[in-house]
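Participant: Structure file entry.tsv (TSV, C-alpha atoms) right here:
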chain	number	residue	atom	x	y	z
A	13	MET	CA	87.82	-63.85	-86.09
A	14	PRO	CA	85.78	-61.21	-88.00
A	15	ALA	CA	85.53	-57.76	-86.47
A	16	ARG	CA	82.17	-56.95	-84.90
A	17	ARG	CA	80.58	-53.56	-85.11
A	18	THR	CA	79.35	-52.08	-81.85
A	19	GLY	CA	77.78	-48.95	-83.36
A	20	ARG	CA	74.15	-48.02	-82.92
A	21	ARG	CA	72.99	-49.03	-86.39
A	22	GLY	CA	73.91	-51.09	-89.38
A	23	LEU	CA	76.02	-49.80	-92.23
A	24	ARG	CA	74.80	-49.77	-95.84
A	25	VAL	CA	77.77	-50.06	-98.21
A	26	GLY	CA	77.92	-49.97	-101.99
A	27	LEU	CA	80.77	-51.80	-103.73
A	28	THR	CA	81.16	-50.69	-107.33
A	29	GLY	CA	83.54	-50.53	-110.25
A	30	SER	CA	83.50	-51.04	-113.97
A	31	LEU	CA	83.51	-54.36	-115.77
A	32	GLY	CA	86.66	-56.35	-114.96
A	33	SER	CA	87.62	-54.25	-111.95
A	34	GLY	CA	87.46	-57.17	-109.52
A	35	LYS	CA	84.18	-56.59	-107.67
A	36	SER	CA	83.37	-60.27	-107.21
A	37	THR	CA	86.81	-60.94	-105.76
A	38	VAL	CA	86.53	-58.10	-103.25
A	39	ALA	CA	82.95	-59.10	-102.42
A	40	ALA	CA	84.21	-62.60	-101.55
A	41	ILE	CA	86.95	-61.13	-99.33
A	42	PHE	CA	84.39	-59.00	-97.48
A	43	ARG	CA	82.11	-62.00	-97.07
A	44	ASN	CA	84.95	-64.01	-95.53
A	45	LEU	CA	85.64	-61.14	-93.14
A	46	GLY	CA	82.07	-61.23	-91.85
A	47	ALA	CA	80.12	-58.80	-94.02
A	48	GLN	CA	76.69	-59.58	-95.41
A	49	VAL	CA	77.07	-59.33	-99.19
A	50	ILE	CA	74.65	-59.52	-102.10
A	51	GLU	CA	75.46	-59.18	-105.80
A	52	ALA	CA	73.21	-57.13	-108.07
A	53	ASP	CA	73.88	-59.50	-110.98
A	54	GLU	CA	72.69	-62.44	-108.89
A	55	LEU	CA	69.46	-60.60	-108.05
A	56	GLY	CA	69.02	-59.64	-111.68
A	57	ARG	CA	69.37	-63.23	-112.85
A	58	ALA	CA	66.78	-64.40	-110.31
A	59	LEU	CA	64.34	-61.69	-111.39
A	60	MET	CA	64.75	-62.72	-115.04
A	61	GLU	CA	63.46	-66.24	-114.44
A	62	PRO	CA	60.21	-67.15	-116.27
A	63	ASP	CA	58.01	-66.85	-113.18
A	64	GLN	CA	59.01	-63.23	-112.51
A	65	GLN	CA	57.39	-59.97	-113.63
A	66	VAL	CA	60.73	-58.70	-114.93
A	67	TYR	CA	60.85	-61.67	-117.31
A	68	ALA	CA	57.36	-60.91	-118.61
A	69	ASP	CA	58.23	-57.23	-119.11
A	70	ILE	CA	61.41	-58.10	-121.01
A	71	VAL	CA	59.61	-60.51	-123.35
A	72	ARG	CA	56.86	-57.97	-123.97
A	73	THR	CA	59.42	-55.27	-124.78
A	74	PHE	CA	61.99	-57.24	-126.79
A	75	GLY	CA	59.80	-59.93	-128.32
A	76	PRO	CA	59.94	-63.73	-128.60
A	77	GLU	CA	63.40	-63.71	-130.17
A	78	VAL	CA	64.90	-63.35	-126.67
A	79	VAL	CA	63.22	-66.56	-125.45
A	80	LEU	CA	64.92	-69.95	-125.72
A	81	ALA	CA	63.11	-73.19	-126.51
A	82	ASP	CA	62.99	-74.09	-122.81
A	83	GLY	CA	61.25	-70.82	-121.99
A	84	ARG	CA	64.22	-69.11	-120.39
A	85	LEU	CA	65.68	-65.87	-121.65
A	86	ASN	CA	68.33	-65.98	-124.35
A	87	ARG	CA	70.67	-63.73	-122.40
A	88	PRO	CA	73.38	-63.40	-125.11
A	89	ARG	CA	70.73	-62.32	-127.64
A	90	LEU	CA	69.19	-59.92	-125.13
A	91	ALA	CA	72.62	-58.45	-124.40
A	92	GLN	CA	73.26	-58.05	-128.12
A	93	LEU	CA	70.02	-56.16	-128.59
A	94	ALA	CA	70.69	-53.99	-125.54
A	95	PHE	CA	74.37	-53.13	-126.00
A	96	ALA	CA	74.92	-53.38	-129.74
A	97	GLY	CA	71.37	-52.52	-130.69
A	98	GLY	CA	71.17	-49.32	-128.69
A	99	ARG	CA	68.34	-50.50	-126.42
A	100	LEU	CA	70.17	-50.60	-123.11
A	101	ASP	CA	68.00	-47.87	-121.58
A	102	GLU	CA	64.89	-49.95	-122.31
A	103	LEU	CA	66.38	-52.98	-120.59
A	104	ASN	CA	67.66	-51.01	-117.62
A	105	ALA	CA	64.28	-49.33	-117.13
A	106	ILE	CA	62.81	-52.79	-116.58
A	107	ILE	CA	65.57	-54.34	-114.47
A	108	HIS	CA	66.96	-51.57	-112.27
A	109	PRO	CA	63.84	-50.63	-110.29
A	110	ALA	CA	63.13	-54.29	-109.52
A	111	VAL	CA	66.73	-55.03	-108.51
A	112	ILE	CA	66.93	-51.98	-106.26
A	113	THR	CA	63.65	-52.89	-104.59
A	114	ALA	CA	65.01	-56.40	-103.97
A	115	GLN	CA	68.26	-54.97	-102.59
A	116	ARG	CA	66.37	-52.79	-100.13
A	117	ALA	CA	64.26	-55.74	-98.98
A	118	TRP	CA	67.44	-57.78	-98.48
A	119	MET	CA	69.03	-55.02	-96.40
A	120	ASP	CA	65.91	-54.79	-94.24
A	121	GLN	CA	66.18	-58.52	-93.55
A	122	VAL	CA	69.88	-58.24	-92.72
A	123	PHE	CA	69.37	-55.44	-90.21
A	124	ALA	CA	66.33	-57.14	-88.69
A	125	ALA	CA	68.57	-60.12	-87.89
A	126	ASN	CA	71.55	-57.98	-86.80
A	127	PRO	CA	71.05	-54.23	-86.32
A	128	HIS	CA	74.84	-53.70	-86.32
A	129	ALA	CA	75.63	-55.59	-89.53
A	130	VAL	CA	77.65	-54.32	-92.46
A	131	ALA	CA	75.46	-54.95	-95.52
A	132	ILE	CA	77.31	-54.66	-98.84
A	133	VAL	CA	75.63	-54.41	-102.25
A	134	GLU	CA	78.03	-55.28	-105.08
A	135	SER	CA	76.88	-53.51	-108.24
A	136	ALA	CA	78.66	-52.20	-111.32
A	137	LEU	CA	76.13	-49.44	-111.87
A	138	ILE	CA	75.52	-47.54	-108.64
A	139	PHE	CA	76.54	-44.24	-110.18
A	140	GLU	CA	75.23	-45.01	-113.67
A	141	VAL	CA	71.72	-45.78	-112.40
A	142	GLU	CA	71.56	-42.34	-110.84
A	143	ARG	CA	73.12	-40.64	-113.89
A	144	ASP	CA	70.70	-42.26	-116.32
A	145	ALA	CA	67.66	-41.46	-114.17
A	146	ARG	CA	68.64	-37.80	-114.05
A	147	ARG	CA	69.21	-37.78	-117.82
A	148	ARG	CA	65.62	-38.96	-118.20
A	149	GLY	CA	64.54	-35.97	-116.13
A	150	GLU	CA	63.85	-37.88	-112.91
A	151	THR	CA	64.65	-35.70	-109.90
A	152	GLU	CA	62.91	-37.75	-107.22
A	153	GLY	CA	62.78	-41.41	-106.40
A	154	VAL	CA	65.23	-44.15	-105.57
A	155	LEU	CA	66.89	-44.31	-109.02
A	156	SER	CA	67.85	-40.62	-109.11
A	157	ASP	CA	69.15	-40.76	-105.54
A	158	TRP	CA	70.58	-44.26	-105.41
A	159	ARG	CA	74.15	-43.36	-104.43
A	160	ASN	CA	72.90	-41.40	-101.43
A	161	ARG	CA	71.04	-44.44	-100.12
A	162	PHE	CA	74.42	-45.87	-99.10
A	163	ASP	CA	76.31	-44.80	-96.01
A	164	LYS	CA	79.61	-45.58	-97.73
A	165	VAL	CA	80.64	-46.38	-101.29
A	166	ILE	CA	83.79	-48.29	-102.27
A	167	VAL	CA	85.09	-47.93	-105.83
A	168	LEU	CA	87.46	-50.38	-107.49
A	169	THR	CA	89.75	-49.02	-110.19
A	170	ALA	CA	92.09	-50.50	-112.79
A	171	PRO	CA	93.40	-49.51	-116.24
A	172	ASP	CA	90.83	-50.16	-118.96
A	173	GLU	CA	93.05	-52.61	-120.87
A	174	LEU	CA	93.49	-54.67	-117.71
A	175	LYS	CA	89.74	-54.67	-117.16
A	176	ILE	CA	89.19	-55.82	-120.74
A	177	ALA	CA	91.76	-58.60	-120.39
A	178	ARG	CA	90.09	-59.83	-117.20
A	179	TYR	CA	86.66	-59.74	-118.81
A	180	VAL	CA	87.85	-61.68	-121.85
A	181	ALA	CA	89.56	-64.28	-119.65
A	182	ARG	CA	86.43	-64.74	-117.53
A	183	VAL	CA	84.03	-65.04	-120.48
A	184	CYS	CA	86.32	-67.44	-122.31
A	185	ARG	CA	86.68	-69.56	-119.19
A	186	GLU	CA	82.92	-69.66	-118.60
A	187	ARG	CA	82.13	-70.53	-122.22
A	188	GLY	CA	85.13	-72.80	-122.80
A	189	ILE	CA	86.23	-70.85	-125.88
A	190	LEU	CA	88.99	-68.57	-127.14
A	191	ASP	CA	88.48	-64.97	-128.27
A	192	THR	CA	90.01	-65.70	-131.65
A	193	ASP	CA	88.28	-62.87	-133.50
A	194	GLY	CA	88.45	-60.27	-130.73
A	195	GLY	CA	84.68	-60.14	-130.45
A	196	ILE	CA	84.61	-60.53	-126.68
A	197	ALA	CA	87.19	-57.79	-126.23
A	198	GLU	CA	85.17	-55.51	-128.49
A	199	ASP	CA	82.07	-56.27	-126.44
A	200	ALA	CA	84.01	-55.30	-123.31
A	201	ARG	CA	85.06	-51.98	-124.84
A	202	ARG	CA	81.47	-51.26	-125.87
A	203	ARG	CA	80.24	-51.95	-122.35
A	204	LEU	CA	82.99	-49.86	-120.76
A	205	ALA	CA	82.08	-46.94	-123.00
A	206	LEU	CA	78.61	-46.93	-121.47
A	207	GLN	CA	79.94	-46.85	-117.92
A	208	MET	CA	81.33	-43.85	-116.08
A	209	SER	CA	85.08	-43.46	-115.95
A	210	ASP	CA	87.07	-44.41	-112.86
A	211	ARG	CA	88.06	-40.77	-112.53
A	212	ASP	CA	84.45	-39.66	-112.18
A	213	LYS	CA	83.57	-42.49	-109.81
A	214	VAL	CA	86.52	-41.80	-107.53
A	215	LEU	CA	85.28	-38.25	-107.00
A	216	ARG	CA	82.14	-39.64	-105.35
A	217	ALA	CA	83.72	-42.52	-103.44
A	218	ASP	CA	84.38	-42.88	-99.73
A	219	TYR	CA	87.04	-45.54	-100.33
A	220	VAL	CA	89.08	-46.41	-103.42
A	221	LEU	CA	90.71	-49.78	-104.12
A	222	ALA	CA	93.23	-49.79	-106.97
A	223	ASN	CA	93.17	-53.39	-108.20
A	224	THR	CA	96.42	-53.49	-110.13
A	225	GLY	CA	98.60	-55.71	-107.94
A	226	SER	CA	98.47	-59.17	-106.46
A	227	LEU	CA	95.54	-60.85	-104.74
A	228	GLU	CA	97.49	-60.51	-101.50
A	229	ASP	CA	97.75	-56.74	-101.99
A	230	LEU	CA	94.04	-56.51	-102.74
A	231	THR	CA	93.20	-58.60	-99.69
A	232	HIS	CA	95.27	-56.42	-97.39
A	233	ALA	CA	93.71	-53.23	-98.75
A	234	THR	CA	90.22	-54.70	-98.37
A	235	GLU	CA	90.96	-55.74	-94.80
A	236	GLN	CA	92.00	-52.17	-93.99
A	237	ILE	CA	88.70	-50.83	-95.32
A	238	TRP	CA	86.86	-53.50	-93.32
A	239	ARG	CA	88.53	-52.30	-90.14
A	240	GLU	CA	87.53	-48.72	-90.92
A	241	LEU	CA	83.95	-49.72	-91.67
A	242	ASN	CA	83.73	-51.47	-88.33
A	243	ALA	CA	85.16	-48.46	-86.56
A	244	SER	CA	82.65	-46.03	-88.09
When written as structure tokens, how does the structure in this file appear?

Facilitator:
Amino acid sequence: MPARRTGRRGLRVGLTGSLGSGKSTVAAIFRNLGAQVIEADELGRALMEPDQQVYADIVRTFGPEVVLADGRLNRPRLAQLAFAGGRLDELNAIIHPAVITAQRAWMDQVFAANPHAVAIVESALIFEVERDARRRGETEGVLSDWRNRFDKVIVLTAPDELKIARYVARVCRERGILDTDGGIAEDARRRLALQMSDRDKVLRADYVLANTGSLEDLTHATEQIWRELNAS
């Protein structure tokens, strides 16, 4: 049976780590233990549907070439323009504020239903959002202070080559292809280069999960953090 918090208020937890670190796996473990979990990527995808303002802003900024024949966004082309084309800041400036606003609304709903809940936001870019906002000269507002909006932050770590291998395996599985020319691995390296290092993230973490062993090891370590969250 999942542990139940008896504290006076709910707990806002950020779960982060670079590409291929295992965030989705740990998020699923927490969900099975009884946490309320939402994934930033899931929110982002919903906000990029044709009936959303984020969609309209993306099309206005990047042009009709990012729109498919059915009206939906051509996400691979958009990613190519953002990551390889040096326009990631433009894309993030559209998506991040909307995603964070949606995350906050979700947390409000969670705590309205259960004031003692553990609400976990799984996001690769908790620290990067703050870093990039400060680089733009923003000193106030939710983007420049995003890490501090969480009561606790959990960071997943793994060697970069292991992260890249996991990313390649996942993309190949989803697309039903092989990375015969190394393009997917190169894309992973390019994305990793834009993210903060594990070393820097660990310095600002409340909990660290080293995802280098078996799923059983990862599950046990996650369960220990869950017990500590419920005891806080």

Participant: Fewer than 3 positions away in the same chain doesn't count, so skip those; otherwise give me all residues within 8 Å of region 47-58 of chain A, counting only C-alpha atoms, as a list in words.

Facilitator: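 Result of the neighbour search: Ala39, Phe42, Arg43, Asn44, Glu61, Ile107, Val111, Ala114, Gln115, Val122, Ala129, Val130, Ala131, Ile132, Val133, Glu134 and Ser135 of chain A.
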
Participant: Between A:Ile106, A:Leu155, A:Val78, A:Val180, which has the minimum distance to Glu142 (chain A) (counting all atoms listed in the file)?

Facilitator: A:Leu155

Participant: If we count only C-alpha atoms, what is near Val141 (chain A) at a cut-off of 12 Å, once residues fewer than 2 positions away on the same chain are taken out, given as a PyMOL selection string?

Facilitator: chain A and resi 28+100-101+104-105+107-109+111-112+135-139+143-148+150+153-160+206-208

Participant: Between A:Val71, A:Leu27, A:Ala205, A:Leu230, which has the minimum distance to Ala96 (chain A) (counting all atoms listed in the file)?

Facilitator: A:Ala205

Participant: Mind checking which residues fall within 8 Å of region 216-223 of chain A, counting all atoms listed in the file, ignoring those fewer than 6 positions away in the same chain, and posting them as a PyMOL selection string?

Facilitator: chain A and resi 33-34+164-170+230+233-234+237

Participant: Select, from A:Val66, A:Val38, A:Ala110, A:Leu227, the residue with the minimum atom-to-atom distance to Gly26 (chain A), counting all atoms listed in the file.

Facilitator: A:Val38

Participant: If the box runs along x, y and z of the file and leaves 6 Å on each side of region 59-73 of chain A, what are its centre and edge lengths in Å, one decimal, as AutoDock Vina command-line options?

Facilitator:
--center_x 60.8 --center_y -61.2 --center_z -118.1 --size_x 19.9 --size_y 23.9 --size_z 25.4

Participant: If we count only C-alpha atoms and set the cut-off at 12 Å, which residues sit around Phe95 (chain A), ignoring sequence neighbours fewer than 3 positions away in its own chain? Please answer as a list in words.

Facilitator: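 Contacts, with the query itself left out: Arg87, Pro88, Arg89, Leu90, Ala91, Gln92, Gly98, Arg99, Leu100, Asp101, Glu102, Leu103, Asn104, Glu198, Asp199, Ala200, Arg201, Arg202, Arg203, Leu204, Ala205, Leu206 and Gln207 of chain A.
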
Participant: If you measure from CA of Gly32 (chain A) to CA of Ile176 (chain A), what distance in Å do you get, rounded to one decimal?

Facilitator: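 Taking CA of Gly32 (chain A) and CA of Ile176 (chain A), their separation equals 6.3 Å.
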
Participant: Distance CA of Glu186 (chain A)-CA of Gly97 (chain A), one decimal place?

Facilitator: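 Separation between CA of Glu186 (chain A) and CA of Gly97 (chain A): 23.9 Å.
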
Participant: Please write as a PyMOL selection string the list of polymer residues whose atoms come within 12 Å of (62.2, -69.5, -114.5), counting only C-alpha atoms and keeping to the coordinates of the file.

Facilitator: chain A and resi 57-68+79-80+82-85

Participant: What is the CA of Arg21 (chain A) to CA of Leu45 (chain A) distance in Å?

Facilitator: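 Taking CA of Arg21 (chain A) and CA of Leu45 (chain A), their separation equals 18.8 Å.
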